[in-house]
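Undergrad: Input structure: entry-v9.pdb, which contains PDB, C-alpha atoms and all ligand atoms.
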ATOM      1  CA  MET A   2       0.000   0.000   0.000  1.00  0.00           C
ATOM      2  CA  GLY A   3       3.031   2.301   0.081  1.00  0.00           C
ATOM      3  CA  ASN A   4       2.394   5.555   1.858  1.00  0.00           C
ATOM      4  CA  ALA A   5      -1.247   5.744   0.959  1.00  0.00           C
ATOM      5  CA  ALA A   6      -3.368   6.712   3.931  1.00  0.00           C
ATOM      6  CA  MET A   7      -5.351   3.821   5.327  1.00  0.00           C
ATOM      7  CA  THR A   8      -9.064   4.334   5.464  1.00  0.00           C
ATOM      8  CA  SER A   9     -10.651   3.702   8.801  1.00  0.00           C
ATOM      9  CA  LYS A  10     -14.324   2.839   9.156  1.00  0.00           C
ATOM     10  CA  ALA A  11     -16.273   4.234  12.081  1.00  0.00           C
ATOM     11  CA  LEU A  12     -19.574   2.820  13.256  1.00  0.00           C
ATOM     12  CA  MET A  13     -21.503   5.596  14.980  1.00  0.00           C
ATOM     13  CA  ILE A  14     -24.399   4.519  17.198  1.00  0.00           C
ATOM     14  CA  GLU A  15     -26.263   7.723  18.055  1.00  0.00           C
ATOM     15  CA  ASP A  16     -29.975   8.538  18.221  1.00  0.00           C
ATOM     16  CA  ASN A  17     -29.659  12.324  17.994  1.00  0.00           C
ATOM     17  CA  ASP A  18     -29.894  13.634  14.426  1.00  0.00           C
ATOM     18  CA  GLN A  19     -27.761  16.721  15.032  1.00  0.00           C
ATOM     19  CA  ASN A  20     -24.991  14.770  16.727  1.00  0.00           C
ATOM     20  CA  ARG A  21     -24.964  12.220  13.904  1.00  0.00           C
ATOM     21  CA  TYR A  22     -24.799  14.962  11.300  1.00  0.00           C
ATOM     22  CA  LEU A  23     -21.974  16.768  13.097  1.00  0.00           C
ATOM     23  CA  LEU A  24     -19.962  13.626  13.774  1.00  0.00           C
ATOM     24  CA  ARG A  25     -20.327  12.395  10.201  1.00  0.00           C
ATOM     25  CA  PHE A  26     -19.264  15.788   8.851  1.00  0.00           C
ATOM     26  CA  ILE A  27     -16.135  15.947  11.013  1.00  0.00           C
ATOM     27  CA  LEU A  28     -15.158  12.301  10.488  1.00  0.00           C
ATOM     28  CA  GLU A  29     -15.556  12.511   6.715  1.00  0.00           C
ATOM     29  CA  GLN A  30     -13.467  15.672   6.629  1.00  0.00           C
ATOM     30  CA  HIS A  31     -10.704  13.540   8.135  1.00  0.00           C
ATOM     31  CA  ASP A  32     -11.197  10.745   5.595  1.00  0.00           C
ATOM     32  CA  PHE A  33     -12.974   8.314   7.862  1.00  0.00           C
ATOM     33  CA  VAL A  34     -15.739   6.194   6.387  1.00  0.00           C
ATOM     34  CA  VAL A  35     -18.866   6.427   8.537  1.00  0.00           C
ATOM     35  CA  VAL A  36     -21.655   3.916   9.075  1.00  0.00           C
ATOM     36  CA  GLU A  37     -24.624   5.071  11.169  1.00  0.00           C
ATOM     37  CA  ALA A  38     -27.021   3.327  13.501  1.00  0.00           C
ATOM     38  CA  THR A  39     -29.755   5.088  15.473  1.00  0.00           C
ATOM     39  CA  THR A  40     -30.532   2.325  17.983  1.00  0.00           C
ATOM     40  CA  GLY A  41     -28.509  -0.174  19.944  1.00  0.00           C
ATOM     41  CA  MET A  42     -30.064  -3.100  18.113  1.00  0.00           C
ATOM     42  CA  GLU A  43     -29.260  -1.599  14.719  1.00  0.00           C
ATOM     43  CA  GLY A  44     -25.757  -0.916  16.016  1.00  0.00           C
ATOM     44  CA  LEU A  45     -25.239  -4.558  16.934  1.00  0.00           C
ATOM     45  CA  GLU A  46     -26.389  -5.630  13.464  1.00  0.00           C
ATOM     46  CA  LEU A  47     -24.111  -3.162  11.680  1.00  0.00           C
ATOM     47  CA  ALA A  48     -21.176  -4.053  13.926  1.00  0.00           C
ATOM     48  CA  ARG A  49     -21.619  -7.613  12.701  1.00  0.00           C
ATOM     49  CA  SER A  50     -22.115  -6.838   9.010  1.00  0.00           C
ATOM     50  CA  GLU A  51     -19.812  -3.834   8.503  1.00  0.00           C
ATOM     51  CA  SER A  52     -16.678  -4.837  10.425  1.00  0.00           C
ATOM     52  CA  PRO A  53     -15.928  -1.303  11.652  1.00  0.00           C
ATOM     53  CA  ASP A  54     -12.422  -0.317  12.764  1.00  0.00           C
ATOM     54  CA  PHE A  55     -13.843   1.435  15.812  1.00  0.00           C
ATOM     55  CA  ILE A  56     -17.214   2.306  17.328  1.00  0.00           C
ATOM     56  CA  LEU A  57     -18.527   5.623  18.629  1.00  0.00           C
ATOM     57  CA  LEU A  58     -21.245   4.696  21.077  1.00  0.00           C
ATOM     58  CA  ASP A  59     -23.782   7.110  22.512  1.00  0.00           C
ATOM     59  CA  ILE A  60     -24.680   6.010  26.031  1.00  0.00           C
ATOM     60  CA  GLN A  61     -28.145   7.553  26.194  1.00  0.00           C
ATOM     61  CA  LEU A  62     -30.041   5.527  23.621  1.00  0.00           C
ATOM     62  CA  PRO A  63     -33.724   4.632  23.616  1.00  0.00           C
ATOM     63  CA  GLY A  64     -34.366   1.031  24.599  1.00  0.00           C
ATOM     64  CA  MET A  65     -31.013  -0.716  24.921  1.00  0.00           C
ATOM     65  CA  ASP A  66     -28.571   1.844  26.313  1.00  0.00           C
ATOM     66  CA  GLY A  67     -24.959   2.193  25.298  1.00  0.00           C
ATOM     67  CA  VAL A  68     -23.601   0.315  28.288  1.00  0.00           C
ATOM     68  CA  GLU A  69     -25.666  -2.721  27.329  1.00  0.00           C
ATOM     69  CA  VAL A  70     -24.621  -2.357  23.684  1.00  0.00           C
ATOM     70  CA  ALA A  71     -20.945  -2.370  24.698  1.00  0.00           C
ATOM     71  CA  ARG A  72     -21.468  -5.378  26.935  1.00  0.00           C
ATOM     72  CA  ARG A  73     -23.136  -7.354  24.146  1.00  0.00           C
ATOM     73  CA  LEU A  74     -20.542  -6.349  21.543  1.00  0.00           C
ATOM     74  CA  ARG A  75     -17.871  -7.806  23.840  1.00  0.00           C
ATOM     75  CA  GLN A  76     -19.648 -10.764  25.410  1.00  0.00           C
ATOM     76  CA  GLU A  77     -21.094 -12.019  22.136  1.00  0.00           C
ATOM     77  CA  GLN A  78     -17.811 -11.243  20.356  1.00  0.00           C
ATOM     78  CA  ILE A  79     -19.675  -9.352  17.658  1.00  0.00           C
ATOM     79  CA  ILE A  80     -16.477  -7.388  16.997  1.00  0.00           C
ATOM     80  CA  ALA A  81     -12.851  -8.391  17.402  1.00  0.00           C
ATOM     81  CA  ALA A  82     -11.418  -7.671  20.830  1.00  0.00           C
ATOM     82  CA  SER A  83      -9.000  -5.245  19.159  1.00  0.00           C
ATOM     83  CA  VAL A  84     -11.798  -2.995  17.847  1.00  0.00           C
ATOM     84  CA  PRO A  85     -12.060   0.025  20.170  1.00  0.00           C
ATOM     85  CA  ILE A  86     -15.404   1.147  21.550  1.00  0.00           C
ATOM     86  CA  ILE A  87     -15.582   4.826  22.485  1.00  0.00           C
ATOM     87  CA  ALA A  88     -18.439   5.880  24.744  1.00  0.00           C
ATOM     88  CA  VAL A  89     -19.854   9.310  23.938  1.00  0.00           C
ATOM     89  CA  THR A  90     -21.784  10.785  26.803  1.00  0.00           C
ATOM     90  CA  SER A  91     -23.010  14.016  28.292  1.00  0.00           C
ATOM     91  CA  PHE A  92     -23.478  12.659  31.759  1.00  0.00           C
ATOM     92  CA  ALA A  93     -20.208  11.235  32.966  1.00  0.00           C
ATOM     93  CA  MET A  94     -20.685  11.192  36.696  1.00  0.00           C
ATOM     94  CA  ALA A  95     -18.577   9.587  39.405  1.00  0.00           C
ATOM     95  CA  GLY A  96     -18.287   5.902  38.633  1.00  0.00           C
ATOM     96  CA  ASP A  97     -19.477   6.197  35.030  1.00  0.00           C
ATOM     97  CA  ARG A  98     -16.002   5.914  33.555  1.00  0.00           C
ATOM     98  CA  GLU A  99     -15.463   2.644  35.396  1.00  0.00           C
ATOM     99  CA  ARG A 100     -18.917   1.449  34.343  1.00  0.00           C
ATOM    100  CA  PHE A 101     -18.148   2.129  30.664  1.00  0.00           C
ATOM    101  CA  LEU A 102     -14.749   0.454  30.860  1.00  0.00           C
ATOM    102  CA  GLU A 103     -16.188  -2.541  32.711  1.00  0.00           C
ATOM    103  CA  ALA A 104     -18.795  -2.921  29.951  1.00  0.00           C
ATOM    104  CA  GLY A 105     -16.008  -3.100  27.371  1.00  0.00           C
ATOM    105  CA  CYS A 106     -15.450   0.488  26.265  1.00  0.00           C
ATOM    106  CA  ASP A 107     -11.881   1.649  25.734  1.00  0.00           C
ATOM    107  CA  GLY A 108     -12.473   5.270  26.608  1.00  0.00           C
ATOM    108  CA  TYR A 109     -15.054   8.010  26.475  1.00  0.00           C
ATOM    109  CA  ILE A 110     -15.626  11.416  24.983  1.00  0.00           C
ATOM    110  CA  GLU A 111     -17.797  13.999  26.667  1.00  0.00           C
ATOM    111  CA  LYS A 112     -20.611  15.844  24.948  1.00  0.00           C
ATOM    112  CA  PRO A 113     -21.118  18.437  23.711  1.00  0.00           C
ATOM    113  CA  ILE A 114     -18.923  17.334  20.821  1.00  0.00           C
ATOM    114  CA  ASP A 115     -16.111  19.800  20.227  1.00  0.00           C
ATOM    115  CA  PRO A 116     -15.284  19.850  16.498  1.00  0.00           C
ATOM    116  CA  ASP A 117     -11.794  21.187  17.240  1.00  0.00           C
ATOM    117  CA  THR A 118     -10.747  18.354  19.525  1.00  0.00           C
ATOM    118  CA  ILE A 119     -12.857  15.298  18.783  1.00  0.00           C
ATOM    119  CA  ILE A 120     -10.524  13.837  16.158  1.00  0.00           C
ATOM    120  CA  SER A 121      -7.531  13.999  18.465  1.00  0.00           C
ATOM    121  CA  GLU A 122      -9.654  12.557  21.271  1.00  0.00           C
ATOM    122  CA  ILE A 123     -10.685   9.678  19.026  1.00  0.00           C
ATOM    123  CA  ARG A 124      -7.123   9.075  17.886  1.00  0.00           C
ATOM    124  CA  ALA A 125      -5.862   9.086  21.453  1.00  0.00           C
ATOM    125  CA  ILE A 126      -8.254   6.237  22.230  1.00  0.00           C
ATOM    126  CA  ILE A 127      -7.964   4.184  19.040  1.00  0.00           C
ATOM    127  CA  GLY A 128      -4.233   4.502  19.233  1.00  0.00           C
ATOM    128  CA  GLY A 129      -2.595   6.212  16.389  1.00  0.00           C
ATOM    129  CA  GLY A 130      -2.493   8.821  13.746  1.00  0.00           C
ATOM    130  CA  ASP A 131      -1.936   6.166  11.096  1.00  0.00           C
ATOM    131  CA  LEU A 132      -5.588   5.114  11.024  1.00  0.00           C
ATOM    132  CA  ALA A 133      -6.695   8.109   9.006  1.00  0.00           C
ATOM    133  CA  SER A 134      -5.011  11.045   7.357  1.00  0.00           C
ATOM    134  CA  ASP A 135      -4.962  14.500   8.866  1.00  0.00           C
TER     135      ASP A 135
HETATM  136 MN    MN A 201     -28.644   9.809  22.792  1.00  0.00          MN
END
Translate this file's structure into structure tokens.
Ligand code: MN

TA:
Amino acid sequence: MGNAAMTSKALMIEDNDQNRYLLRFILEQHDFVVVEATTGMEGLELARSESPDFILLDIQLPGMDGVEVARRLRQEQIIAASVPIIAVTSFAMAGDRERFLEAGCDGYIEKPIDPDTIISEIRAIIGGGDLASD
């Protein structure tokens, strides 16, 4: 592949239209490919069928919440253990970080989403600037 930038596929599981729009816009600007799910169940299905390189997981979802989605992704081995799950949440209270990590998340990003920092926050969690070009 030479020096060609590798394309990284993000699965975004997010029920809020504005957040999905914003995240897709920013990710695509940085050459990520984006697959969207609006519910936890749809997210599990797309995680299985799309083989994402990482997952952005809203915690506050209708029905199955993000913690349960993370738990199922890991317990049912729907994704490889090496695929990072990033919790995205506006209500990180004491103990939440541990709860997300225990469920199988690799880190979390706080809402509101900051367009100036979210890419570096994602890269810090997924581990490397070589997953997508600048
Ligand atoms: Mn939500």

Undergrad: Around ligand MN 201 (chain A), which protein and nucleic acid residues have at least one atom no more than 6 Å from it, if we count all atoms listed in the file? List them as a list of chain:residue names.

TA: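 Based on all atoms listed in the file, ligand MN 201 (chain A) is surrounded within 6 Å by A:Glu15, A:Asp16, A:Asn17, A:Asp59, A:Gln61, A:Leu62.
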
Undergrad: Please save C-alpha atoms of the selected residues as an mmCIF file, in the frame of the given file.

TA:
data_model
loop_
_atom_site.group_PDB
_atom_site.id
_atom_site.type_symbol
_atom_site.label_atom_id
_atom_site.label_comp_id
_atom_site.auth_asym_id
_atom_site.auth_seq_id
_atom_site.Cartn_x
_atom_site.Cartn_y
_atom_site.Cartn_z
ATOM 1 C CA GLU A 15 -26.263 7.723 18.055
ATOM 2 C CA ASP A 16 -29.975 8.538 18.221
ATOM 3 C CA ASN A 17 -29.659 12.324 17.994
ATOM 4 C CA ASP A 59 -23.782 7.110 22.512
ATOM 5 C CA GLN A 61 -28.145 7.553 26.194
ATOM 6 C CA LEU A 62 -30.041 5.527 23.621
#

Undergrad: Could you check the closest approach to Gly41 (chain A) for each of A:Glu69, A:Asp115, A:Asp18, A:Asp97 and tell me which residue wins, using all atoms listed in the file?

TA: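 Once distances to Gly41 (chain A) are computed over all atoms listed in the file, the minimum belongs to A:Glu69.
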
Undergrad: So what do you get for CA of Gly67 (chain A) versus CA of Glu43 (chain A), distance-wise?

TA: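 If I compute the distance from CA of Gly67 (chain A) to CA of Glu43 (chain A), I get 12.0 Å.
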
Undergrad: Quick one: pull the distance between CA of His31 (chain A) and CA of Ser83 (chain A), Å, one decimal.

TA: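 The value is 21.8 Å.
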
Undergrad: Take the PyMOL selection byres (((chain A and resi 114) around 10) and not hetatm), run it mentally on this structure, and tell me the resulting residues as a PyMOL selection string.

TA: chain A and resi 20+23-24+89-91+110-113+115-119

Undergrad: Between CA of Phe33 (chain A) and CA of Val70 (chain A), measure the distance and give it in Å to one decimal.

TA: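 We find that CA of Phe33 (chain A) and CA of Val70 (chain A) lie 22.4 Å from each other.
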
Undergrad: Env of Ala11 (chain A): 8 Å cut, atoms = all atoms listed in the file, seq-sep filter 4 positions within chain, self excluded. Answer as a ChimeraX atom specification.

TA: /A:33-36,53-57

Undergrad: Just give me the residues with any atom within 10 Å of (-15.0, -3.3, 28.9), file coordinates, counting only C-alpha atoms, written as a list in words.

TA: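 Taken together, the residues in range are Val68, Ala71, Arg72, Leu74, Arg75, Gln76, Ala82, Pro85, Ile86, Glu99, Arg100, Phe101, Leu102, Glu103, Ala104, Gly105, Cys106, Asp107 and Gly108 of chain A.
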
Undergrad: Have a look at A:Pro63, A:Met94, A:Ile87, A:Glu29 and name the one nearest to Arg124 (chain A); count all atoms listed in the file.

TA: A:Ile87
